$ cat final.txt   # compact mmCIF, C-alpha atoms
# COMPACT_ATOMS: atom_id res chain seq x y z
CA MET A 1 80.41 111.09 70.71
CA LEU A 2 78.50 112.01 73.86
CA LEU A 3 81.33 110.53 75.89
CA LEU A 4 83.87 112.63 74.00
CA ILE A 5 81.88 115.81 74.62
CA MET A 6 81.65 114.91 78.31
CA PHE A 7 85.37 114.22 78.45
CA ILE A 8 86.21 117.56 76.85
CA PHE A 9 83.85 119.35 79.23
CA LEU A 10 85.42 117.64 82.25
CA PHE A 11 88.95 118.35 81.06
CA ILE A 12 88.10 122.02 80.54
CA LEU A 13 86.53 122.09 84.01
CA ILE A 14 89.64 120.50 85.56
CA PHE A 15 91.91 122.90 83.69
CA LEU A 16 89.93 126.02 84.57
CA SER A 17 89.54 125.11 88.24
CA ALA A 18 93.28 124.38 88.54
CA LEU A 19 94.03 127.71 86.85
CA PHE A 20 91.63 129.51 89.19
CA ALA A 21 93.30 127.87 92.20
CA VAL A 22 96.61 129.33 91.07
CA LEU A 23 95.34 132.80 90.20
CA ALA A 24 92.68 133.64 92.81
CA LYS A 25 93.60 136.02 95.62
CA ASP A 26 91.15 134.63 98.16
CA LEU A 27 92.64 131.37 99.45
CA LEU A 28 89.25 129.95 100.42
CA PHE A 29 88.17 130.21 96.77
CA CYS A 30 91.37 128.38 95.80
CA VAL A 31 90.55 125.52 98.19
CA ILE A 32 86.99 125.19 96.90
CA SER A 33 88.15 125.18 93.30
CA LEU A 34 90.66 122.42 94.15
CA GLY A 35 87.74 120.43 95.55
CA VAL A 36 85.84 120.95 92.28
CA MET A 37 88.91 119.72 90.41
CA SER A 38 89.04 116.55 92.52
CA LEU A 39 85.35 115.88 91.93
CA ALA A 40 85.72 116.27 88.14
CA THR A 41 88.78 114.00 88.24
CA SER A 42 86.79 111.35 90.08
CA ILE A 43 84.08 111.50 87.38
CA VAL A 44 86.81 111.01 84.75
CA PHE A 45 88.09 107.97 86.68
CA PHE A 46 84.56 106.56 86.81
CA ILE A 47 84.09 106.95 83.06
CA LEU A 48 87.45 105.26 82.47
CA ASN A 49 86.16 102.13 84.29
CA ALA A 50 88.10 102.65 87.51
CA PRO A 51 85.33 102.94 90.13
CA ASP A 52 87.65 101.99 93.01
CA VAL A 53 89.93 104.92 92.30
CA ALA A 54 86.90 107.16 91.71
CA ILE A 55 85.47 106.41 95.18
CA THR A 56 88.83 107.05 96.82
CA GLU A 57 89.36 110.28 94.88
CA ALA A 58 85.87 111.57 95.72
CA SER A 59 86.13 110.80 99.45
CA VAL A 60 89.75 111.77 100.03
CA GLY A 61 90.38 114.42 97.39
CA ALA A 62 87.08 116.24 97.44
CA ALA A 63 86.16 115.93 101.11
CA LEU A 64 89.10 115.34 103.45
CA THR A 65 91.78 117.34 101.62
CA THR A 66 89.43 120.30 101.22
CA ALA A 67 88.64 120.17 104.94
CA ILE A 68 92.34 120.06 105.87
CA TYR A 69 93.08 123.05 103.61
CA VAL A 70 90.13 124.97 105.06
CA PHE A 71 91.48 124.36 108.58
CA GLY A 72 94.86 125.61 107.40
CA VAL A 73 93.30 128.75 105.92
CA ARG A 74 91.37 129.38 109.14
CA ARG A 75 94.53 129.16 111.23
CA THR A 76 96.49 131.48 108.91
CA GLU A 77 95.38 134.38 106.71
CA ARG A 78 92.66 134.27 104.14
CA GLU A 79 93.96 136.82 101.64
CA GLU A 80 97.06 136.12 99.61
CA LYS A 81 99.71 138.84 99.87
CA MET B 1 107.16 142.56 100.87
CA ARG B 2 107.64 144.81 97.90
CA GLU B 3 104.87 145.11 95.39
CA THR B 4 105.65 143.83 91.91
CA SER B 5 103.40 143.56 88.93
CA PHE B 6 105.30 140.52 87.59
CA ASN B 7 105.23 137.55 89.93
CA THR B 8 107.89 134.97 89.05
CA GLY B 9 106.38 132.11 91.00
CA LYS B 10 103.00 132.56 89.38
CA PHE B 11 104.62 132.74 85.94
CA PHE B 12 106.31 129.36 86.40
CA ALA B 13 103.11 127.89 87.84
CA LEU B 14 101.23 129.05 84.75
CA ILE B 15 103.85 127.45 82.49
CA ILE B 16 103.58 124.14 84.39
CA VAL B 17 99.77 124.21 84.21
CA ALA B 18 99.91 124.99 80.46
CA VAL B 19 102.28 122.07 79.78
CA LEU B 20 100.02 119.73 81.78
CA GLY B 21 96.99 121.02 79.90
CA ILE B 22 98.63 120.36 76.51
CA PHE B 23 99.56 116.89 77.77
CA MET B 24 95.93 116.25 78.74
CA ILE B 25 94.48 117.55 75.47
CA SER B 26 97.04 115.75 73.27
CA PRO B 27 95.37 112.27 73.20
CA PHE B 28 92.45 113.75 71.26
CA PHE B 29 94.75 114.55 68.35
CA ASP B 30 96.54 111.21 68.36
CA THR B 31 97.07 109.86 64.87
CA GLY B 32 97.72 106.31 66.04
CA SER B 33 101.30 106.26 64.83
CA GLY B 34 102.73 106.91 68.27
CA LYS B 35 105.30 104.88 70.09
CA LYS B 36 104.17 101.68 71.74
CA ILE B 37 104.85 101.33 75.45
CA SER B 38 107.09 98.34 75.08
CA PRO B 39 107.37 95.76 72.29
CA ARG B 40 107.35 93.05 74.92
CA LEU B 41 103.85 94.01 76.05
CA GLU B 42 102.25 93.98 72.61
CA ASN B 43 101.49 90.30 72.98
CA LEU B 44 98.64 89.94 75.43
CA LYS B 45 99.89 86.56 76.59
CA ASP B 46 102.95 88.12 78.18
CA ARG B 47 101.08 90.44 80.48
CA VAL B 48 100.99 89.47 84.11
CA SER B 49 97.64 91.18 84.63
CA LEU B 50 96.05 88.67 82.29
CA HIS B 51 97.13 85.91 84.63
CA TYR B 52 95.53 87.85 87.47
CA GLY B 53 92.42 88.20 85.34
CA LEU B 54 92.15 84.47 84.93
CA LYS B 55 92.68 84.12 88.68
CA ASN B 56 94.79 81.00 88.32
CA VAL B 57 98.31 82.25 88.44
CA ASN B 58 99.86 78.94 89.42
CA ASP B 59 99.05 77.13 86.17
CA ALA B 60 98.02 80.00 83.93
CA SER B 61 100.53 79.42 81.14
CA LYS B 62 99.27 75.90 80.42
CA ASN B 63 95.63 76.97 80.29
CA ILE B 64 96.24 79.92 77.99
CA GLU B 65 97.93 77.67 75.46
CA GLU B 66 95.07 75.19 75.65
CA CYS B 67 92.51 77.92 75.11
CA GLN B 68 94.10 79.02 71.82
CA GLY B 69 93.81 82.69 72.55
CA ASP B 70 90.16 82.48 73.50
CA TYR B 71 90.67 83.58 77.07
CA TYR B 72 87.25 84.43 78.32
CA THR B 73 84.91 81.82 76.91
CA CYS B 74 85.09 78.09 77.43
CA ARG B 75 84.51 76.03 74.32
CA GLU B 76 83.45 72.41 74.02
CA GLY B 77 86.23 69.94 74.46
CA VAL B 78 88.83 72.45 75.57
CA LYS B 79 89.48 72.23 79.27
CA CYS B 80 89.90 75.81 80.39
CA ASN B 81 90.26 76.54 84.04
CA ASN B 82 88.31 79.78 83.72
CA VAL B 83 86.63 81.47 86.65
CA ILE B 84 82.84 81.74 86.38
CA TYR B 85 80.82 84.09 88.55
CA LYS B 86 78.57 82.37 91.10
CA GLU B 87 79.86 78.93 90.03
CA THR B 88 83.52 78.68 90.82
CA ALA B 89 84.27 77.50 94.33
CA ASP B 90 87.59 77.64 96.12
CA ALA B 91 89.39 79.71 93.53
CA GLU B 92 92.95 80.78 94.19
CA THR B 93 91.71 84.15 95.38
CA GLY B 94 88.24 84.72 96.78
CA PRO B 95 86.93 88.19 95.92
CA ALA B 96 84.82 88.76 92.83
CA ASN B 97 86.17 92.32 92.64
CA LEU B 98 89.48 91.92 90.87
CA VAL B 99 90.99 95.08 92.34
CA THR B 100 90.39 93.76 95.85
CA SER B 101 92.00 90.44 95.01
CA ILE B 102 95.10 92.27 93.81
CA VAL B 103 95.21 94.88 96.58
CA LEU B 104 94.53 92.57 99.50
CA ASP B 105 95.57 89.14 98.28
CA TYR B 106 98.46 89.31 95.85
CA ARG B 107 99.75 92.69 97.03
CA ALA B 108 98.68 92.68 100.69
CA PHE B 109 102.15 93.64 101.90
CA ASP B 110 101.82 96.86 99.90
CA THR B 111 98.57 97.65 101.73
CA LEU B 112 100.31 97.12 105.06
CA GLY B 113 102.85 99.73 103.95
CA GLU B 114 100.04 102.17 103.08
CA ILE B 115 98.50 101.72 106.54
CA THR B 116 101.91 102.40 108.09
CA VAL B 117 102.33 105.58 106.01
CA LEU B 118 98.91 106.86 107.14
CA PHE B 119 99.69 105.99 110.78
CA ILE B 120 102.99 107.87 110.68
CA SER B 121 101.42 110.95 109.08
CA ILE B 122 98.61 111.09 111.66
CA LEU B 123 101.24 110.65 114.39
CA GLY B 124 103.08 113.64 112.96
CA VAL B 125 99.87 115.72 113.02
CA ALA B 126 99.26 114.76 116.65
CA LEU B 127 102.82 115.68 117.58
CA LEU B 128 102.81 119.02 115.76
CA MET B 129 99.34 120.23 116.73
CA THR B 130 99.82 120.31 120.50
CA GLY B 131 99.00 123.53 122.29
CA PHE B 132 97.00 125.18 119.53
CA PRO B 133 93.84 126.99 120.62
CA ALA B 134 90.48 125.61 119.58
CA LEU B 135 88.61 127.28 116.74
CA PRO B 136 84.96 127.56 117.75
CA VAL B 137 82.13 127.35 115.25
CA LYS B 138 81.00 130.85 114.33
CA ASN B 139 77.34 131.61 113.63
CA GLU B 140 76.16 128.08 114.32
CA SER B 141 72.75 127.71 112.77
CA MET B 142 70.03 125.30 113.80
CA ILE B 143 69.39 124.12 110.23
CA GLN B 144 73.06 123.24 109.80
CA SER B 145 73.37 121.17 112.95
CA ALA B 146 69.98 119.46 112.52
CA GLY B 147 70.78 118.60 108.89
CA ALA B 148 74.15 117.21 109.93
CA LYS B 149 72.52 115.04 112.60
CA PHE B 150 70.18 113.72 109.91
CA LEU B 151 72.96 113.08 107.39
CA VAL B 152 75.69 111.59 109.59
CA PRO B 153 74.09 108.13 110.17
CA ILE B 154 73.55 107.74 106.42
CA ILE B 155 77.17 108.67 105.73
CA MET B 156 78.38 106.18 108.35
CA LEU B 157 76.18 103.47 106.84
CA VAL B 158 77.57 104.13 103.35
CA GLY B 159 81.12 103.94 104.73
CA ILE B 160 80.46 100.63 106.48
CA TYR B 161 78.83 99.29 103.31
CA ILE B 162 81.84 100.31 101.22
CA PHE B 163 84.32 98.37 103.33
CA LEU B 164 82.07 95.38 104.14
CA HIS B 165 81.11 94.90 100.48
CA GLY B 166 84.59 95.59 99.14
CA HIS B 167 85.15 92.03 97.98
CA LEU B 168 82.12 92.15 95.65
CA THR B 169 81.69 95.76 94.53
CA PRO B 170 84.13 98.64 94.09
CA GLY B 171 85.43 100.08 97.32
CA GLY B 172 87.42 98.85 100.23
CA GLY B 173 88.97 99.73 103.53
CA PHE B 174 90.57 103.04 102.62
CA PRO B 175 87.58 104.74 100.93
CA GLY B 176 85.22 103.33 103.56
CA GLY B 177 87.36 104.69 106.37
CA ALA B 178 87.63 108.04 104.63
CA VAL B 179 83.82 108.24 104.29
CA ILE B 180 83.40 107.44 108.01
CA ALA B 181 85.92 110.15 108.87
CA THR B 182 83.91 112.55 106.70
CA GLY B 183 80.86 111.77 108.85
CA PHE B 184 82.71 112.61 112.06
CA LEU B 185 84.13 115.73 110.41
CA LEU B 186 80.63 116.92 109.50
CA MET B 187 79.48 116.21 113.07
CA PHE B 188 82.12 118.22 114.89
CA MET B 189 82.21 121.02 112.31
CA THR B 190 78.52 121.82 112.45
CA SER B 191 77.65 121.41 116.11
CA GLY B 192 80.05 123.14 118.45
CA ASP B 193 79.26 121.15 121.58
CA TYR B 194 79.93 117.77 119.97
CA ASN B 195 83.07 116.12 121.24
CA PHE B 196 84.33 112.58 121.18
CA ARG B 197 86.92 110.90 123.33
CA SER B 198 89.95 110.51 121.13
CA ARG B 199 91.57 108.05 123.53
CA ARG B 200 88.93 105.40 122.74
CA PHE B 201 89.45 105.97 119.03
CA LYS B 202 93.18 105.48 119.49
CA THR B 203 92.55 102.24 121.39
CA VAL B 204 90.29 100.92 118.59
CA GLU B 205 92.82 101.91 115.94
CA THR B 206 95.74 100.26 117.73
CA ALA B 207 93.76 97.06 118.30
CA ALA B 208 92.75 96.90 114.63
CA GLY B 209 96.34 97.39 113.45
CA THR B 210 97.62 94.72 115.84
CA ILE B 211 94.99 92.21 114.68
CA ILE B 212 95.91 92.87 111.01
CA VAL B 213 99.57 92.05 111.66
CA ALA B 214 98.55 89.04 113.78
CA LEU B 215 96.43 87.69 110.90
CA ALA B 216 99.35 88.20 108.53
CA ILE B 217 101.66 86.21 110.85
CA ALA B 218 98.94 83.55 111.16
CA GLY B 219 99.11 83.21 107.38
CA LEU B 220 102.85 82.69 107.76
CA ILE B 221 102.19 79.92 110.27
CA PHE B 222 99.23 78.09 108.66
CA LYS B 223 100.27 78.55 105.02
CA ASP B 224 103.63 79.33 103.56
CA SER B 225 103.74 83.12 103.22
CA PHE B 226 103.04 86.39 105.01
CA PHE B 227 99.38 87.45 104.47
CA ALA B 228 98.54 84.04 102.99
CA ASN B 229 94.83 83.36 102.69
CA PHE B 230 94.34 80.52 105.19
CA LEU B 231 90.54 80.65 105.54
CA PRO B 232 88.20 78.96 103.02
CA ASN B 233 87.28 81.15 100.06
CA GLY B 234 83.75 79.97 99.41
CA ARG B 235 81.86 80.43 96.15
CA LEU B 236 82.91 83.37 94.02
CA GLY B 237 80.46 86.28 94.21
CA ASP B 238 78.59 85.22 97.34
CA LEU B 239 78.19 87.66 100.19
CA PHE B 240 79.84 85.20 102.57
CA SER B 241 82.94 84.44 100.57
CA SER B 242 86.65 85.09 100.93
CA PHE B 243 86.44 85.42 104.70
CA LEU B 244 89.97 86.60 105.42
CA ILE B 245 89.65 89.44 102.87
CA VAL B 246 86.41 90.63 104.49
CA ILE B 247 87.95 90.52 107.98
CA ILE B 248 91.11 92.38 106.97
CA TYR B 249 89.16 94.96 104.95
CA SER B 250 86.81 95.63 107.89
CA LEU B 251 89.80 96.05 110.20
CA ILE B 252 91.46 98.43 107.72
CA GLY B 253 88.23 100.42 107.42
CA ILE B 254 87.88 100.76 111.21
CA LYS B 255 91.54 101.66 111.57
CA VAL B 256 91.59 104.26 108.79
CA GLY B 257 88.26 105.76 109.90
CA SER B 258 89.27 106.23 113.53
CA GLU B 259 92.74 107.42 112.55
CA LEU B 260 91.51 110.07 110.13
CA SER B 261 88.78 111.20 112.56
CA VAL B 262 91.32 111.78 115.32
CA GLY B 263 93.71 113.48 112.90
CA LEU B 264 91.05 115.86 111.56
CA ARG B 265 89.90 116.67 115.06
CA ASN B 266 93.48 117.43 116.05
CA LEU B 267 93.75 119.79 113.09
CA TYR B 268 90.46 121.43 114.06
CA THR B 269 90.82 121.87 117.82
CA GLY B 270 94.43 121.09 118.59
CA GLU B 271 95.56 118.02 120.49
CA LYS B 272 93.65 117.68 123.73
CA ASP B 273 93.99 114.73 126.03
CA ASP B 274 90.63 113.95 127.54
$ encode --input "final.txt" --output "structure tokens"
Amino acid sequence: MLLLIMFIFLFILIFLSALFAVLAKDLLFCVISLGVMSLATSIVFFILNAPDVAITEASVGAALTTAIYVFGVRRTEREEK
Amino acid sequence: MRETSFNTGKFFALIIVAVLGIFMISPFFDTGSGKKISPRLENLKDRVSLHYGLKNVNDASKNIEECQGDYYTCREGVKCNNVIYKETADAETGPANLVTSIVLDYRAFDTLGEITVLFISILGVALLMTGFPALPVKNESMIQSAGAKFLVPIIMLVGIYIFLHGHLTPGGGFPGGAVIATGFLLMFMTSGDYNFRSRRFKTVETAAGTIIVALAIAGLIFKDSFFANFLPNGRLGDLFSSFLIVIIYSLIGIKVGSELSVGLRNLYTGEKDD
């Protein structure tokens, strides 16, 4: 039961952060919310007994991809037109 | 750009996100009467992954029939060739972590393809990012740079642990290399005067990739197939076991770490030959 509640919380977090990444005007906020989504996804992978995938998702999805997007935002414009 | 209140692209994006959300929520309301994946896979004996789980693919069919469906426990009188942690020596594949034994033993050619994909993408970054101006660190604070200098050795140590211990615990070359690259990223993002020589990193990366392919061809020479495990496997679960897997995983970790560090630095400062 606790696991189910945690799952539902994580799914809602993933859903809301993905929605925020689509809707937000400030692109830096979008990038950070995508990082939050990757972190929540890695926790889901860990609960589903896939720790290898969870480590890869946390290091690549939450750290490196966020950094690459932040570099892209710095080289272009921050506000969405 | 003309201003519109109704954005078509965002509308379709919302629809796609809503469909994905319904797809994610739907398993909670599953009544159990859904369609099975394939009728062939209902019988557990037919699944190939079970043979991987028993770690004796060569004669797995005989042993499963002898075990009478009791796959994981050995009973008296029934000779099951099961793999027991810390007891089995010289199994078909060395690592105690099953994912590693699939990724780097049974499917090692796939991993070579992944390394090639990463190499080509970093090469594309290096080709495209020439001539861009450097982006200096704004408002560099002392707490930030000092904290990064404290954290970076720990991050490097965790990365090295992840790829050196990949045959026993979850992890491996790719996550370990990514963690090491994160350490370098933190270093050159927080302190503006930090700079590393990317030519040395490229040399290390090229050497690691060459040694991986050389070991694969050595497997072709000493055993019968490409990436064959020609070194002794040792006892399952020991730190010093499955030597070829440890060597190849360390090489992959070094290669991926240096590659991603150089690629991120190119994205940050532009390609500079120093």
$ atom_distance --input "final.txt" --atom1 "CA of Phe132 in chain B" --atom2 "CA of Leu64 in chain A"
20.4 Å
$ residues_around --input "final.txt" --residues "Ala18 in chain B" --least-positions-apart "5" --cutoff "9 Å" --atoms "all atoms listed in the file" --output "compact mmCIF listing (two decimals) with C-alpha atoms, in the frame of the given file"
# COMPACT_ATOMS: atom_id res chain seq x y z
CA PHE A 15 91.91 122.90 83.69
CA ALA B 13 103.11 127.89 87.84
CA PHE B 23 99.56 116.89 77.77
$ interface_residues --input "final.txt" --of "chain A" --to "chain B" --cutoff "6 Å" --atoms "all atoms listed in the file" --output "ChimeraX atom specification"
/A:51-52,56,59
$ closest_residue --input "final.txt" --among "B:Ile22, B:Val152, B:Val103, B:Leu118" --to "Thr190 in chain B" --atoms "all atoms listed in the file"
B:Val152
$ closest_residue --input "final.txt" --among "A:Val60, A:Ile68, A:Val73, A:Val44" --to "Leu3 in chain A" --atoms "all atoms listed in the file"
A:Val44
$ closest_residue --input "final.txt" --among "A:Met1, A:Ala62, A:Leu19, A:Leu28" --to "Arg74 in chain A" --atoms "all atoms listed in the file"
A:Leu28
$ closest_residue --input "final.txt" --among "B:Gly9, B:Gly270, B:Gly234, B:Gly253" --to "Ala96 in chain B" --atoms "only C-alpha atoms"
B:Gly234
$ atom_distance --input "final.txt" --atom1 "CA of Leu157 in chain B" --atom2 "CA of Val256 in chain B"
15.6 Å
$ axis_aligned_box --input "final.txt" --around "range 50-59 of chain A" --padding-each-side "8 Å" --output "JSON"
{"center_x": 87.6, "center_y": 106.8, "center_z": 93.5, "size_x": 20.6, "size_y": 25.6, "size_z": 27.9}
$ atom_distance --input "final.txt" --atom1 "CA of Val262 in chain B" --atom2 "CA of Ile155 in chain B"
17.4 Å
$ residues_around --input "final.txt" --residues "Ala54 in chain A" --least-positions-apart "4" --cutoff "6 Å" --atoms "all atoms listed in the file" --output "list in words"
Ser42, Phe45 and Phe46 of chain A
$ residues_around --input "final.txt" --residues "Ser141 in chain B" --least-positions-apart "4" --cutoff "12 Å" --atoms "only C-alpha atoms" --output "PyMOL selection string"
chain B and resi 137+145-148+189-192
